[in-house]
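Visitor: My structure is in run.cif, and what it holds is mmCIF, C-alpha atoms; chains and numbers go by the auth columns:
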data_query
#
loop_
_atom_site.group_PDB
_atom_site.id
_atom_site.type_symbol
_atom_site.label_atom_id
_atom_site.label_comp_id
_atom_site.label_asym_id
_atom_site.label_seq_id
_atom_site.Cartn_x
_atom_site.Cartn_y
_atom_site.Cartn_z
_atom_site.B_iso_or_equiv
_atom_site.auth_seq_id
_atom_site.auth_asym_id
ATOM 1 C CA MET A 1 31.608 113.918 85.305 0.00 1 A
ATOM 2 C CA ARG A 2 29.395 115.802 82.859 0.00 2 A
ATOM 3 C CA ASP A 3 32.284 116.335 80.460 0.00 3 A
ATOM 4 C CA ALA A 4 33.006 112.602 80.455 0.00 4 A
ATOM 5 C CA ILE A 5 29.375 111.819 79.614 0.00 5 A
ATOM 6 C CA VAL A 6 29.313 114.358 76.786 0.00 6 A
ATOM 7 C CA LEU A 7 32.620 113.047 75.451 0.00 7 A
ATOM 8 C CA GLY A 8 31.241 109.517 75.596 0.00 8 A
ATOM 9 C CA MET A 9 28.140 110.601 73.680 0.00 9 A
ATOM 10 C CA LEU A 10 30.261 112.265 71.020 0.00 10 A
ATOM 11 C CA VAL A 11 32.650 109.352 70.601 0.00 11 A
ATOM 12 C CA LEU A 12 29.969 106.657 70.721 0.00 12 A
ATOM 13 C CA GLY A 13 27.579 108.560 68.452 0.00 13 A
ATOM 14 C CA PHE A 14 30.202 109.401 65.844 0.00 14 A
ATOM 15 C CA ALA A 15 31.803 105.940 65.834 0.00 15 A
ATOM 16 C CA THR A 16 28.408 104.269 65.516 0.00 16 A
ATOM 17 C CA PHE A 17 27.387 106.673 62.758 0.00 17 A
ATOM 18 C CA VAL A 18 30.546 106.075 60.718 0.00 18 A
ATOM 19 C CA THR A 19 30.384 102.306 61.160 0.00 19 A
ATOM 20 C CA THR A 20 26.699 102.114 60.298 0.00 20 A
ATOM 21 C CA HIS A 21 27.069 104.435 57.322 0.00 21 A
ATOM 22 C CA LEU A 22 29.927 102.384 55.892 0.00 22 A
ATOM 23 C CA THR A 23 27.828 99.257 56.409 0.00 23 A
ATOM 24 C CA LEU A 24 24.974 100.839 54.461 0.00 24 A
ATOM 25 C CA VAL A 25 27.360 101.897 51.690 0.00 25 A
ATOM 26 C CA LEU A 26 28.800 98.376 51.411 0.00 26 A
ATOM 27 C CA VAL A 27 25.333 96.807 51.385 0.00 27 A
ATOM 28 C CA LEU A 28 24.224 99.162 48.624 0.00 28 A
ATOM 29 C CA LEU A 29 27.460 98.650 46.714 0.00 29 A
ATOM 30 C CA PHE A 30 27.711 94.860 46.826 0.00 30 A
ATOM 31 C CA ARG A 31 24.264 93.447 47.604 0.00 31 A
ATOM 32 C CA GLU A 32 21.789 95.755 45.882 0.00 32 A
ATOM 33 C CA ARG A 33 21.331 97.012 42.382 0.00 33 A
ATOM 34 C CA PRO A 34 22.079 99.501 40.900 0.00 34 A
ATOM 35 C CA ARG A 35 25.545 99.470 42.439 0.00 35 A
ATOM 36 C CA TRP A 36 26.254 103.158 41.777 0.00 36 A
ATOM 37 C CA ARG A 37 23.972 103.996 44.700 0.00 37 A
ATOM 38 C CA GLY A 38 26.644 102.763 47.094 0.00 38 A
ATOM 39 C CA LEU A 39 29.160 105.267 45.757 0.00 39 A
ATOM 40 C CA ALA A 40 26.567 108.035 45.713 0.00 40 A
ATOM 41 C CA ALA A 41 25.662 107.258 49.341 0.00 41 A
ATOM 42 C CA LEU A 42 29.329 107.564 50.260 0.00 42 A
ATOM 43 C CA ALA A 43 29.463 111.055 48.758 0.00 43 A
ATOM 44 C CA VAL A 44 26.026 112.230 49.986 0.00 44 A
ATOM 45 C CA PRO A 45 25.333 110.546 53.367 0.00 45 A
ATOM 46 C CA PRO A 46 21.532 111.089 53.573 0.00 46 A
ATOM 47 C CA LEU A 47 21.030 109.061 50.391 0.00 47 A
ATOM 48 C CA GLY A 48 22.356 105.878 52.012 0.00 48 A
ATOM 49 C CA PRO A 49 19.619 105.488 54.622 0.00 49 A
ATOM 50 C CA LEU A 50 16.954 106.543 52.142 0.00 50 A
ATOM 51 C CA TRP A 51 17.864 103.857 49.611 0.00 51 A
ATOM 52 C CA ALA A 52 18.602 101.256 52.295 0.00 52 A
ATOM 53 C CA TRP A 53 15.159 101.852 53.841 0.00 53 A
ATOM 54 C CA GLN A 54 13.539 101.324 50.434 0.00 54 A
ATOM 55 C CA ARG A 55 15.462 98.054 50.064 0.00 55 A
ATOM 56 C CA GLY A 56 14.302 96.748 53.456 0.00 56 A
ATOM 57 C CA HIS A 57 17.375 97.380 55.637 0.00 57 A
ATOM 58 C CA ARG A 58 15.276 99.069 58.296 0.00 58 A
ATOM 59 C CA LYS A 59 17.290 98.060 61.391 0.00 59 A
ATOM 60 C CA LYS A 60 20.491 99.465 59.925 0.00 60 A
ATOM 61 C CA VAL A 61 18.748 102.711 59.029 0.00 61 A
ATOM 62 C CA LEU A 62 17.240 103.052 62.504 0.00 62 A
ATOM 63 C CA LEU A 63 20.667 102.505 64.080 0.00 63 A
ATOM 64 C CA TRP A 64 22.086 105.149 61.712 0.00 64 A
ATOM 65 C CA LEU A 65 19.397 107.616 62.812 0.00 65 A
ATOM 66 C CA VAL A 66 19.912 106.885 66.519 0.00 66 A
ATOM 67 C CA ALA A 67 23.662 107.418 66.110 0.00 67 A
ATOM 68 C CA VAL A 68 23.103 110.764 64.384 0.00 68 A
ATOM 69 C CA VAL A 69 20.702 111.901 67.122 0.00 69 A
ATOM 70 C CA VAL A 70 23.091 110.870 69.928 0.00 70 A
ATOM 71 C CA TYR A 71 25.953 112.680 68.214 0.00 71 A
ATOM 72 C CA LEU A 72 23.901 115.841 67.627 0.00 72 A
ATOM 73 C CA ILE A 73 22.702 115.902 71.228 0.00 73 A
ATOM 74 C CA GLY A 74 26.302 115.531 72.353 0.00 74 A
ATOM 75 C CA LEU A 75 27.320 118.449 70.137 0.00 75 A
ATOM 76 C CA LEU A 76 24.511 120.630 71.448 0.00 76 A
ATOM 77 C CA VAL A 77 25.330 119.872 75.079 0.00 77 A
ATOM 78 C CA ALA A 78 29.027 120.475 74.431 0.00 78 A
ATOM 79 C CA GLN A 79 28.305 123.874 72.918 0.00 79 A
ATOM 80 C CA VAL A 80 26.071 124.948 75.781 0.00 80 A
ATOM 81 C CA THR A 81 28.693 124.189 78.421 0.00 81 A
#
Show me the file's structure as structure tokens.
Guide:
Amino acid sequence: MRDAIVLGMLVLGFATFVTTHLTLVLVLLFRERPRWRGLAALAVPPLGPLWAWQRGHRKKVLLWLVAVVVYLIGLLVAQVT
């Protein structure tokens, strides 16, 4: 049962992180200026939430952070077991 929970945390955390990060990249690329920030955020992931937060996309950034935390907790628990 514990393995299933950890696997669920890993899958859910990573899928949410990737989806949210791509959403941030697309928002920065097509809705905000300068547009090069979207490409830079794709190459260097921490830049995306930083610039998105400055532009007022706070809910997306918070979801990104929650996804990263869930994924990291899943990794830590998986390594301990």
Visitor: The PyMOL selection byres ((chain A and resi 5) around 12) on the file shown: which residues, as a count of residues only?
Guide: 19
Visitor: Could you write out as a PyMOL selection string the residues that the PyMOL selection byres ((chain A and resi 47) around 12) matches in the shown file?
Guide: chain A and resi 21+24-25+28+36-46+48-54+61
Visitor: Using Å and a single decimal, report how far CA of Phe17 in chain A sits from CA of Ala67 in chain A.
Guide: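 Taking CA of Ala67 in chain A and CA of Phe17 in chain A, their separation equals 5.1 Å.
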Visitor: Interatomic distance between CA of Val68 in chain A and CA of Gly56 in chain A?
Guide: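 Pair CA of Val68 in chain A / CA of Gly56 in chain A returns 19.8 Å.
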Visitor: Figure out the distance between CA of Leu65 in chain A and CA of Pro34 in chain A, please, to one decimal in Å.
Guide: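 Rounded to one decimal, the two atoms are 23.5 Å apart.
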Visitor: Using all atoms listed in the file for the distances, tell me which of A:Val80, A:Arg33, A:Val27, A:Thr20 is nearest to Trp64 in chain A.
Guide: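 Under the stated criterion, the closest residue is A:Thr20.
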Visitor: Nearest to Leu22 in chain A: which of A:Lys60, A:Arg35, A:Arg55, A:Val69 is it, counting all atoms listed in the file?
Guide: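 Closest to Leu22 in chain A of all the choices is A:Lys60.
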Visitor: To test the calculation: enclose all listed atoms of range 10-19 of chain A in a box whose edges run along x, y and z, add 3 Å on each side, then state centre and edge lengths in Å to one decimal, as lines of an AutoDock Vina configuration file.
Guide:
center_x = 30.0
center_y = 107.3
center_z = 65.9
size_x = 11.3
size_y = 16.0
size_z = 16.3
Visitor: Since the input is missing atoms, can you rebuild N, CA and C atoms for range 47-73 of chain A and write them as a PDB file, in the coordinates of the input?
Guide:
ATOM      1  N   LEU A  47      21.570 109.961  51.403  1.00  0.00           N
ATOM      2  CA  LEU A  47      21.030 109.061  50.391  1.00  0.00           C
ATOM      3  C   LEU A  47      21.133 107.598  50.812  1.00  0.00           C
ATOM      4  N   GLY A  48      22.164 107.261  51.578  1.00  0.00           N
ATOM      5  CA  GLY A  48      22.356 105.878  52.012  1.00  0.00           C
ATOM      6  C   GLY A  48      21.172 105.330  52.791  1.00  0.00           C
ATOM      7  N   PRO A  49      20.766 105.994  53.874  1.00  0.00           N
ATOM      8  CA  PRO A  49      19.619 105.488  54.622  1.00  0.00           C
ATOM      9  C   PRO A  49      18.320 105.498  53.816  1.00  0.00           C
ATOM     10  N   LEU A  50      18.160 106.472  52.966  1.00  0.00           N
ATOM     11  CA  LEU A  50      16.954 106.543  52.142  1.00  0.00           C
ATOM     12  C   LEU A  50      16.837 105.316  51.251  1.00  0.00           C
ATOM     13  N   TRP A  51      17.889 105.006  50.510  1.00  0.00           N
ATOM     14  CA  TRP A  51      17.864 103.857  49.611  1.00  0.00           C
ATOM     15  C   TRP A  51      17.866 102.541  50.374  1.00  0.00           C
ATOM     16  N   ALA A  52      18.581 102.484  51.498  1.00  0.00           N
ATOM     17  CA  ALA A  52      18.602 101.256  52.295  1.00  0.00           C
ATOM     18  C   ALA A  52      17.218 100.979  52.885  1.00  0.00           C
ATOM     19  N   TRP A  53      16.523 102.018  53.312  1.00  0.00           N
ATOM     20  CA  TRP A  53      15.159 101.852  53.841  1.00  0.00           C
ATOM     21  C   TRP A  53      14.247 101.277  52.758  1.00  0.00           C
ATOM     22  N   GLN A  54      14.361 101.808  51.550  1.00  0.00           N
ATOM     23  CA  GLN A  54      13.539 101.324  50.434  1.00  0.00           C
ATOM     24  C   GLN A  54      13.834  99.864  50.107  1.00  0.00           C
ATOM     25  N   ARG A  55      15.058  99.436  50.357  1.00  0.00           N
ATOM     26  CA  ARG A  55      15.462  98.054  50.064  1.00  0.00           C
ATOM     27  C   ARG A  55      15.223  97.104  51.235  1.00  0.00           C
ATOM     28  N   GLY A  56      14.671  97.615  52.352  1.00  0.00           N
ATOM     29  CA  GLY A  56      14.302  96.748  53.456  1.00  0.00           C
ATOM     30  C   GLY A  56      15.325  96.607  54.562  1.00  0.00           C
ATOM     31  N   HIS A  57      16.352  97.432  54.589  1.00  0.00           N
ATOM     32  CA  HIS A  57      17.375  97.380  55.637  1.00  0.00           C
ATOM     33  C   HIS A  57      17.002  98.343  56.769  1.00  0.00           C
ATOM     34  N   ARG A  58      15.849  98.128  57.340  1.00  0.00           N
ATOM     35  CA  ARG A  58      15.276  99.069  58.296  1.00  0.00           C
ATOM     36  C   ARG A  58      16.056  99.148  59.612  1.00  0.00           C
ATOM     37  N   LYS A  59      16.547  98.041  60.121  1.00  0.00           N
ATOM     38  CA  LYS A  59      17.290  98.060  61.391  1.00  0.00           C
ATOM     39  C   LYS A  59      18.578  98.864  61.259  1.00  0.00           C
ATOM     40  N   LYS A  60      19.258  98.702  60.149  1.00  0.00           N
ATOM     41  CA  LYS A  60      20.491  99.465  59.925  1.00  0.00           C
ATOM     42  C   LYS A  60      20.200 100.962  59.838  1.00  0.00           C
ATOM     43  N   VAL A  61      19.119 101.297  59.171  1.00  0.00           N
ATOM     44  CA  VAL A  61      18.748 102.711  59.029  1.00  0.00           C
ATOM     45  C   VAL A  61      18.359 103.304  60.385  1.00  0.00           C
ATOM     46  N   LEU A  62      17.618 102.559  61.177  1.00  0.00           N
ATOM     47  CA  LEU A  62      17.240 103.052  62.504  1.00  0.00           C
ATOM     48  C   LEU A  62      18.466 103.256  63.386  1.00  0.00           C
ATOM     49  N   LEU A  63      19.431 102.345  63.319  1.00  0.00           N
ATOM     50  CA  LEU A  63      20.667 102.505  64.080  1.00  0.00           C
ATOM     51  C   LEU A  63      21.429 103.735  63.597  1.00  0.00           C
ATOM     52  N   TRP A  64      21.450 103.970  62.285  1.00  0.00           N
ATOM     53  CA  TRP A  64      22.086 105.149  61.712  1.00  0.00           C
ATOM     54  C   TRP A  64      21.444 106.425  62.276  1.00  0.00           C
ATOM     55  N   LEU A  65      20.111 106.443  62.309  1.00  0.00           N
ATOM     56  CA  LEU A  65      19.397 107.616  62.812  1.00  0.00           C
ATOM     57  C   LEU A  65      19.650 107.835  64.301  1.00  0.00           C
ATOM     58  N   VAL A  66      19.643 106.769  65.081  1.00  0.00           N
ATOM     59  CA  VAL A  66      19.912 106.885  66.519  1.00  0.00           C
ATOM     60  C   VAL A  66      21.321 107.427  66.741  1.00  0.00           C
ATOM     61  N   ALA A  67      22.283 106.939  65.971  1.00  0.00           N
ATOM     62  CA  ALA A  67      23.662 107.418  66.110  1.00  0.00           C
ATOM     63  C   ALA A  67      23.769 108.905  65.784  1.00  0.00           C
ATOM     64  N   VAL A  68      23.080 109.340  64.748  1.00  0.00           N
ATOM     65  CA  VAL A  68      23.103 110.764  64.384  1.00  0.00           C
ATOM     66  C   VAL A  68      22.480 111.607  65.500  1.00  0.00           C
ATOM     67  N   VAL A  69      21.373 111.152  66.051  1.00  0.00           N
ATOM     68  CA  VAL A  69      20.702 111.901  67.122  1.00  0.00           C
ATOM     69  C   VAL A  69      21.583 111.982  68.363  1.00  0.00           C
ATOM     70  N   VAL A  70      22.204 110.869  68.755  1.00  0.00           N
ATOM     71  CA  VAL A  70      23.091 110.870  69.928  1.00  0.00           C
ATOM     72  C   VAL A  70      24.252 111.822  69.697  1.00  0.00           C
ATOM     73  N   TYR A  71      24.836 111.788  68.514  1.00  0.00           N
ATOM     74  CA  TYR A  71      25.953 112.680  68.214  1.00  0.00           C
ATOM     75  C   TYR A  71      25.521 114.146  68.232  1.00  0.00           C
ATOM     76  N   LEU A  72      24.379 114.454  67.646  1.00  0.00           N
ATOM     77  CA  LEU A  72      23.901 115.841  67.627  1.00  0.00           C
ATOM     78  C   LEU A  72      23.562 116.344  69.022  1.00  0.00           C
ATOM     79  N   ILE A  73      22.977 115.502  69.846  1.00  0.00           N
ATOM     80  CA  ILE A  73      22.702 115.902  71.228  1.00  0.00           C
ATOM     81  C   ILE A  73      24.001 116.168  71.958  1.00  0.00           C
TER      82      ILE A  73
END
